[in-house]
Amino acid sequence: MMRSLPALLVALACLAATLPLRAEARETLAITAARIFTTPGAPVIEDGVVVVEGDRIVAVGPRASISVPANARAIDAAGASVVAGFWNSHIHLTRPVLLTAAQQTDAALQNELQADFTRWGFTTVFDLASTSDIAAEVRNRIASGRVHGPRLLSVGDPFYPPNATPIYAREFYEAFGLPSAEITTVTEAAARADRQLAAGGDGLKLFTGSIVGGPREVAYMEAEAVRALTDVAHRHHRLAFAHPTDQAGLEVAVRNGVDVLAHAAPLMGEWSPDYARWVASTGAALIPTLALYEEAANPRTPAATAIQQTRAFAGAGGAVLFGTDAGFTDAFDTSAELRLLEQAVGWRGVLAALTTAPAARFGESETRGQVAEGYIADLVIVDGDPRDAIQALAIVRTVIRDGQVIYTRP
Ligand SMILES: [Zn+2]
């Protein structure tokens, strides 16, 4: 069938508009003179070279052993460290610009994503509740190449227990006229979960312990609902996240198949080695969001307790993932989380939480999370050496995603 001429012209114009970015993505890059952390456990390569072609890392090693292609654009990283692209496994697309993404220009959207995520080294972010529509809009704009930003994974709309939208989220739902995310029956909840995942959702977020305030304080999701939702997630080969709040919220989550705890649970007090071993034995990973507890400074949820839980959990072999709850909190700077997480798991543990641990938990350890030949070229160049000062990981020079430079510090 013949397309009309105007439609063809529009199609050509669209193609032309995307060409410069596509061409840019095919550039060959050679990052030289860098200290390279290939994985958190491997010996550090001093004065190394990383070569990127297309979206892949094609060579990594000491400078003497790597031949740099003649056509490569050199990025001098003297004095800097190269690490794999960071994952922020707990964010929310809740900034006003992101909530109204469909009305925003590409430049406005890119600026917001840069300030919130890209400039902190994130090449993948996991939105643990916004709305499916907002997530799809932001994801499409990034994936199309029109907007530079991190790869976006999203759970879309969350699942709250009946009549239990968190007290801190109610105003937000009203202000933006968002649909209620409270479940009614198990059948209805499972059907919505199935729809969201079939439509491209990357996981499910369950508020197994929802902070509702008032005399109830915390409302829990019934075990039957948790089980039904995690079953739907697993049938779609996706993960279920839970907001635990306290012991009951944590236990109904991990006993019923939840894969990732989106927060520590300092409200319940310290974890004994046995308790930490039990939580780890369920296979659930933990995103402790330590800085959130420091920032909130609530005597009932001390950051020190969240740090202790994280240390005990990691000591028991549990997988710790880096996440800040950015979007819920306005603290986009990662310095505080880096500092507190290092107290719990050391610098190697922090680097793992940013790279290899999420890649493994989300089933991408063969392609992401390492600075290794054949891996997708998600890379961050930071000032200094994280072994000397973990804050180095917050001082970002350059961010490369899928082989394309998406951020250079001005
Ligand atoms: Zn959150």
# chains A, B, ... in the order shown; residues from 1 in each chain; ligands from 1
>>> residues_near_ligand(ligand="ligand 1", cutoff="10 Å", atoms="only C-alpha atoms and all ligand atoms", output="count of residues only")
22
>>> residues_around(residues="stretch 388-404 of chain A", least_positions_apart="2", cutoff="8 Å", atoms="only C-alpha atoms", output="PyMOL selection string")
chain A and resi 24-27+52-57+85+118-123+150+333-335+338-339+342+347+376-386+406-409
>>> atom_distance(atom1="atom CA of A:Ala316", atom2="atom CA of A:Val260")
15.8 Å
>>> select_by_dssp(residues="stretch 81-247 of chain A", states="alpha helix (DSSP H)", output="ChimeraX atom specification")
/A:96-99,106-116,132-143,170-175,186-198,223-235,247
>>> closest_residue(among="A:Asp259, A:Glu366, A:Glu182, A:Glu337", to="A:Asn88", atoms="only C-alpha atoms")
A:Glu337
>>> closest_residue(among="A:Glu251, A:Asp274, A:Asp202, A:Glu373", to="A:Asp157", atoms="only C-alpha atoms")
A:Asp202
>>> select_by_dssp(residues="stretch 150-271 of chain A", states="strand (DSSP E)", output="PDB file with all heavy atoms, in the first residue's frame")
ATOM      1  N   ARG A 151      18.693   4.314  31.539  1.00  0.00           N
ATOM      2  CA  ARG A 151      17.695   3.325  31.147  1.00  0.00           C
ATOM      3  C   ARG A 151      16.687   3.255  32.298  1.00  0.00           C
ATOM      4  O   ARG A 151      17.066   3.181  33.459  1.00  0.00           O
ATOM      5  CB  ARG A 151      18.398   1.978  30.955  1.00  0.00           C
ATOM      6  CG  ARG A 151      17.493   0.849  30.511  1.00  0.00           C
ATOM      7  CD  ARG A 151      18.348  -0.361  30.161  1.00  0.00           C
ATOM      8  NE  ARG A 151      19.053  -0.858  31.339  1.00  0.00           N
ATOM      9  CZ  ARG A 151      18.925  -2.104  31.805  1.00  0.00           C
ATOM     10  NH1 ARG A 151      18.136  -2.970  31.199  1.00  0.00           N
ATOM     11  NH2 ARG A 151      19.620  -2.497  32.855  1.00  0.00           N
ATOM     12  N   LEU A 152      15.434   3.274  31.933  1.00  0.00           N
ATOM     13  CA  LEU A 152      14.398   3.309  32.966  1.00  0.00           C
ATOM     14  C   LEU A 152      13.653   1.980  33.038  1.00  0.00           C
ATOM     15  O   LEU A 152      13.070   1.529  32.053  1.00  0.00           O
ATOM     16  CB  LEU A 152      13.397   4.436  32.661  1.00  0.00           C
ATOM     17  CG  LEU A 152      12.148   4.495  33.531  1.00  0.00           C
ATOM     18  CD1 LEU A 152      12.495   4.766  34.991  1.00  0.00           C
ATOM     19  CD2 LEU A 152      11.176   5.552  33.001  1.00  0.00           C
ATOM     20  N   LEU A 153      13.676   1.388  34.228  1.00  0.00           N
ATOM     21  CA  LEU A 153      12.804   0.247  34.530  1.00  0.00           C
ATOM     22  C   LEU A 153      11.755   0.766  35.503  1.00  0.00           C
ATOM     23  O   LEU A 153      12.032   1.659  36.299  1.00  0.00           O
ATOM     24  CB  LEU A 153      13.602  -0.894  35.170  1.00  0.00           C
ATOM     25  CG  LEU A 153      14.824  -1.388  34.391  1.00  0.00           C
ATOM     26  CD1 LEU A 153      15.603  -2.419  35.196  1.00  0.00           C
ATOM     27  CD2 LEU A 153      14.397  -1.974  33.048  1.00  0.00           C
ATOM     28  N   SER A 154      10.558   0.216  35.447  1.00  0.00           N
ATOM     29  CA  SER A 154       9.501   0.756  36.310  1.00  0.00           C
ATOM     30  C   SER A 154       8.479  -0.302  36.685  1.00  0.00           C
ATOM     31  O   SER A 154       8.140  -1.173  35.878  1.00  0.00           O
ATOM     32  CB  SER A 154       8.783   1.904  35.597  1.00  0.00           C
ATOM     33  OG  SER A 154       7.703   2.368  36.393  1.00  0.00           O
ATOM     34  N   GLY A 203       8.196  -4.954  36.952  1.00  0.00           N
ATOM     35  CA  GLY A 203       8.097  -5.583  38.264  1.00  0.00           C
ATOM     36  C   GLY A 203       6.830  -5.110  38.937  1.00  0.00           C
ATOM     37  O   GLY A 203       6.025  -4.371  38.327  1.00  0.00           O
ATOM     38  N   LEU A 204       6.635  -5.553  40.187  1.00  0.00           N
ATOM     39  CA  LEU A 204       5.477  -5.123  40.968  1.00  0.00           C
ATOM     40  C   LEU A 204       5.971  -4.573  42.299  1.00  0.00           C
ATOM     41  O   LEU A 204       6.952  -5.071  42.850  1.00  0.00           O
ATOM     42  CB  LEU A 204       4.526  -6.292  41.231  1.00  0.00           C
ATOM     43  CG  LEU A 204       3.904  -6.988  40.017  1.00  0.00           C
ATOM     44  CD1 LEU A 204       3.050  -8.166  40.482  1.00  0.00           C
ATOM     45  CD2 LEU A 204       3.063  -6.008  39.187  1.00  0.00           C
ATOM     46  N   LYS A 205       5.283  -3.553  42.797  1.00  0.00           N
ATOM     47  CA  LYS A 205       5.636  -2.986  44.108  1.00  0.00           C
ATOM     48  C   LYS A 205       4.460  -3.142  45.055  1.00  0.00           C
ATOM     49  O   LYS A 205       3.387  -2.588  44.822  1.00  0.00           O
ATOM     50  CB  LYS A 205       5.987  -1.501  43.946  1.00  0.00           C
ATOM     51  CG  LYS A 205       6.174  -0.736  45.260  1.00  0.00           C
ATOM     52  CD  LYS A 205       7.498  -1.054  45.934  1.00  0.00           C
ATOM     53  CE  LYS A 205       7.753  -0.162  47.155  1.00  0.00           C
ATOM     54  NZ  LYS A 205       7.967   1.242  46.811  1.00  0.00           N
ATOM     55  N   LEU A 206       4.710  -3.893  46.118  1.00  0.00           N
ATOM     56  CA  LEU A 206       3.671  -4.178  47.107  1.00  0.00           C
ATOM     57  C   LEU A 206       3.961  -3.423  48.396  1.00  0.00           C
ATOM     58  O   LEU A 206       5.079  -3.511  48.919  1.00  0.00           O
ATOM     59  CB  LEU A 206       3.654  -5.680  47.434  1.00  0.00           C
ATOM     60  CG  LEU A 206       3.085  -6.665  46.422  1.00  0.00           C
ATOM     61  CD1 LEU A 206       3.755  -6.591  45.067  1.00  0.00           C
ATOM     62  CD2 LEU A 206       3.203  -8.081  46.989  1.00  0.00           C
ATOM     63  N   GLY A 209       3.608  -3.416  54.243  1.00  0.00           N
ATOM     64  CA  GLY A 209       3.366  -2.626  55.440  1.00  0.00           C
ATOM     65  C   GLY A 209       3.246  -1.183  55.001  1.00  0.00           C
ATOM     66  O   GLY A 209       4.230  -0.574  54.623  1.00  0.00           O
ATOM     67  N   SER A 210       2.039  -0.644  55.015  1.00  0.00           N
ATOM     68  CA  SER A 210       1.809   0.718  54.518  1.00  0.00           C
ATOM     69  C   SER A 210       1.575   1.658  55.703  1.00  0.00           C
ATOM     70  O   SER A 210       0.722   1.390  56.555  1.00  0.00           O
ATOM     71  CB  SER A 210       0.583   0.716  53.594  1.00  0.00           C
ATOM     72  OG  SER A 210       0.325   2.015  53.114  1.00  0.00           O
ATOM     73  N   ILE A 211       2.348   2.745  55.744  1.00  0.00           N
ATOM     74  CA  ILE A 211       2.245   3.695  56.859  1.00  0.00           C
ATOM     75  C   ILE A 211       1.005   4.563  56.641  1.00  0.00           C
ATOM     76  O   ILE A 211       0.997   5.436  55.774  1.00  0.00           O
ATOM     77  CB  ILE A 211       3.517   4.563  56.955  1.00  0.00           C
ATOM     78  CG1 ILE A 211       4.742   3.655  57.160  1.00  0.00           C
ATOM     79  CG2 ILE A 211       3.393   5.578  58.083  1.00  0.00           C
ATOM     80  CD1 ILE A 211       6.074   4.362  56.961  1.00  0.00           C
ATOM     81  N   VAL A 212      -0.043   4.276  57.405  1.00  0.00           N
ATOM     82  CA  VAL A 212      -1.312   4.989  57.209  1.00  0.00           C
ATOM     83  C   VAL A 212      -1.579   6.017  58.303  1.00  0.00           C
ATOM     84  O   VAL A 212      -2.504   6.825  58.206  1.00  0.00           O
ATOM     85  CB  VAL A 212      -2.505   4.005  57.127  1.00  0.00           C
ATOM     86  CG1 VAL A 212      -2.442   3.212  55.828  1.00  0.00           C
ATOM     87  CG2 VAL A 212      -2.536   3.070  58.321  1.00  0.00           C
ATOM     88  N   GLY A 213      -0.764   6.000  59.365  1.00  0.00           N
ATOM     89  CA  GLY A 213      -0.974   6.949  60.456  1.00  0.00           C
ATOM     90  C   GLY A 213      -2.229   6.616  61.248  1.00  0.00           C
ATOM     91  O   GLY A 213      -2.829   5.549  61.060  1.00  0.00           O
ATOM     92  N   GLU A 217      -1.652   3.058  62.459  1.00  0.00           N
ATOM     93  CA  GLU A 217      -0.223   3.294  62.144  1.00  0.00           C
ATOM     94  C   GLU A 217       0.234   2.587  60.871  1.00  0.00           C
ATOM     95  O   GLU A 217       0.596   3.234  59.909  1.00  0.00           O
ATOM     96  CB  GLU A 217       0.698   2.879  63.302  1.00  0.00           C
ATOM     97  CG  GLU A 217       0.716   3.897  64.420  1.00  0.00           C
ATOM     98  CD  GLU A 217       1.945   3.768  65.296  1.00  0.00           C
ATOM     99  OE1 GLU A 217       3.070   3.743  64.760  1.00  0.00           O
ATOM    100  OE2 GLU A 217       1.772   3.701  66.521  1.00  0.00           O
ATOM    101  N   VAL A 218       0.228   1.248  60.892  1.00  0.00           N
ATOM    102  CA  VAL A 218       0.677   0.482  59.718  1.00  0.00           C
ATOM    103  C   VAL A 218      -0.435  -0.475  59.305  1.00  0.00           C
ATOM    104  O   VAL A 218      -1.002  -1.170  60.147  1.00  0.00           O
ATOM    105  CB  VAL A 218       1.960  -0.328  60.033  1.00  0.00           C
ATOM    106  CG1 VAL A 218       2.435  -1.084  58.791  1.00  0.00           C
ATOM    107  CG2 VAL A 218       3.060   0.592  60.557  1.00  0.00           C
ATOM    108  N   ALA A 219      -0.773  -0.483  57.996  1.00  0.00           N
ATOM    109  CA  ALA A 219      -1.752  -1.448  57.474  1.00  0.00           C
ATOM    110  C   ALA A 219      -0.991  -2.488  56.669  1.00  0.00           C
ATOM    111  O   ALA A 219      -0.113  -2.145  55.875  1.00  0.00           O
ATOM    112  CB  ALA A 219      -2.773  -0.734  56.596  1.00  0.00           C
ATOM    113  N   TYR A 220      -1.317  -3.740  56.883  1.00  0.00           N
ATOM    114  CA  TYR A 220      -0.584  -4.832  56.231  1.00  0.00           C
ATOM    115  C   TYR A 220      -1.378  -5.420  55.075  1.00  0.00           C
ATOM    116  O   TYR A 220      -2.600  -5.461  55.101  1.00  0.00           O
ATOM    117  CB  TYR A 220      -0.261  -5.922  57.256  1.00  0.00           C
ATOM    118  CG  TYR A 220       0.520  -5.369  58.421  1.00  0.00           C
ATOM    119  CD1 TYR A 220      -0.109  -5.104  59.637  1.00  0.00           C
ATOM    120  CD2 TYR A 220       1.866  -5.063  58.278  1.00  0.00           C
ATOM    121  CE1 TYR A 220       0.595  -4.560  60.695  1.00  0.00           C
ATOM    122  CE2 TYR A 220       2.577  -4.508  59.332  1.00  0.00           C
ATOM    123  CZ  TYR A 220       1.936  -4.257  60.545  1.00  0.00           C
ATOM    124  OH  TYR A 220       2.633  -3.706  61.581  1.00  0.00           O
ATOM    125  N   LEU A 239      10.189  -9.376  38.945  1.00  0.00           N
ATOM    126  CA  LEU A 239      10.384  -9.439  40.394  1.00  0.00           C
ATOM    127  C   LEU A 239       9.323  -8.641  41.136  1.00  0.00           C
ATOM    128  O   LEU A 239       8.765  -7.674  40.610  1.00  0.00           O
ATOM    129  CB  LEU A 239      11.765  -8.887  40.762  1.00  0.00           C
ATOM    130  CG  LEU A 239      12.975  -9.582  40.140  1.00  0.00           C
ATOM    131  CD1 LEU A 239      14.257  -9.021  40.740  1.00  0.00           C
ATOM    132  CD2 LEU A 239      12.921 -11.085  40.336  1.00  0.00           C
ATOM    133  N   ALA A 240       9.087  -9.076  42.377  1.00  0.00           N
ATOM    134  CA  ALA A 240       8.172  -8.345  43.262  1.00  0.00           C
ATOM    135  C   ALA A 240       8.987  -7.652  44.347  1.00  0.00           C
ATOM    136  O   ALA A 240       9.842  -8.267  44.989  1.00  0.00           O
ATOM    137  CB  ALA A 240       7.178  -9.316  43.883  1.00  0.00           C
ATOM    138  N   PHE A 241       8.720  -6.358  44.503  1.00  0.00           N
ATOM    139  CA  PHE A 241       9.368  -5.537  45.532  1.00  0.00           C
ATOM    140  C   PHE A 241       8.352  -5.298  46.645  1.00  0.00           C
ATOM    141  O   PHE A 241       7.156  -5.212  46.379  1.00  0.00           O
ATOM    142  CB  PHE A 241       9.753  -4.165  44.970  1.00  0.00           C
ATOM    143  CG  PHE A 241      10.771  -4.192  43.865  1.00  0.00           C
ATOM    144  CD1 PHE A 241      10.407  -4.556  42.573  1.00  0.00           C
ATOM    145  CD2 PHE A 241      12.086  -3.828  44.114  1.00  0.00           C
ATOM    146  CE1 PHE A 241      11.340  -4.557  41.544  1.00  0.00           C
ATOM    147  CE2 PHE A 241      13.032  -3.825  43.086  1.00  0.00           C
ATOM    148  CZ  PHE A 241      12.661  -4.201  41.806  1.00  0.00           C
ATOM    149  N   ALA A 242       8.863  -5.135  47.871  1.00  0.00           N
ATOM    150  CA  ALA A 242       7.951  -4.794  48.968  1.00  0.00           C
ATOM    151  C   ALA A 242       8.476  -3.636  49.783  1.00  0.00           C
ATOM    152  O   ALA A 242       9.688  -3.496  49.993  1.00  0.00           O
ATOM    153  CB  ALA A 242       7.733  -5.994  49.879  1.00  0.00           C
ATOM    154  N   VAL A 260      12.557  -8.516  46.542  1.00  0.00           N
ATOM    155  CA  VAL A 260      13.414  -7.397  46.935  1.00  0.00           C
ATOM    156  C   VAL A 260      12.697  -6.562  47.999  1.00  0.00           C
ATOM    157  O   VAL A 260      11.550  -6.143  47.788  1.00  0.00           O
ATOM    158  CB  VAL A 260      13.746  -6.478  45.738  1.00  0.00           C
ATOM    159  CG1 VAL A 260      14.715  -5.376  46.170  1.00  0.00           C
ATOM    160  CG2 VAL A 260      14.335  -7.274  44.568  1.00  0.00           C
ATOM    161  N   LEU A 261      13.371  -6.331  49.123  1.00  0.00           N
ATOM    162  CA  LEU A 261      12.852  -5.413  50.136  1.00  0.00           C
ATOM    163  C   LEU A 261      13.338  -4.016  49.766  1.00  0.00           C
ATOM    164  O   LEU A 261      14.544  -3.792  49.623  1.00  0.00           O
ATOM    165  CB  LEU A 261      13.364  -5.818  51.525  1.00  0.00           C
ATOM    166  CG  LEU A 261      12.848  -7.174  52.011  1.00  0.00           C
ATOM    167  CD1 LEU A 261      13.660  -7.659  53.218  1.00  0.00           C
ATOM    168  CD2 LEU A 261      11.354  -7.090  52.346  1.00  0.00           C
TER     169      LEU A 261
END
>>> closest_residue(among="A:Gly201, A:Pro244, A:Thr28, A:Ala191", to="A:Asp231", atoms="only C-alpha atoms")
A:Ala191
>>> closest_residue(among="A:Phe117, A:Ile31, A:Thr38, A:Ala102", to="A:Ala78", atoms="only C-alpha atoms")
A:Ile31
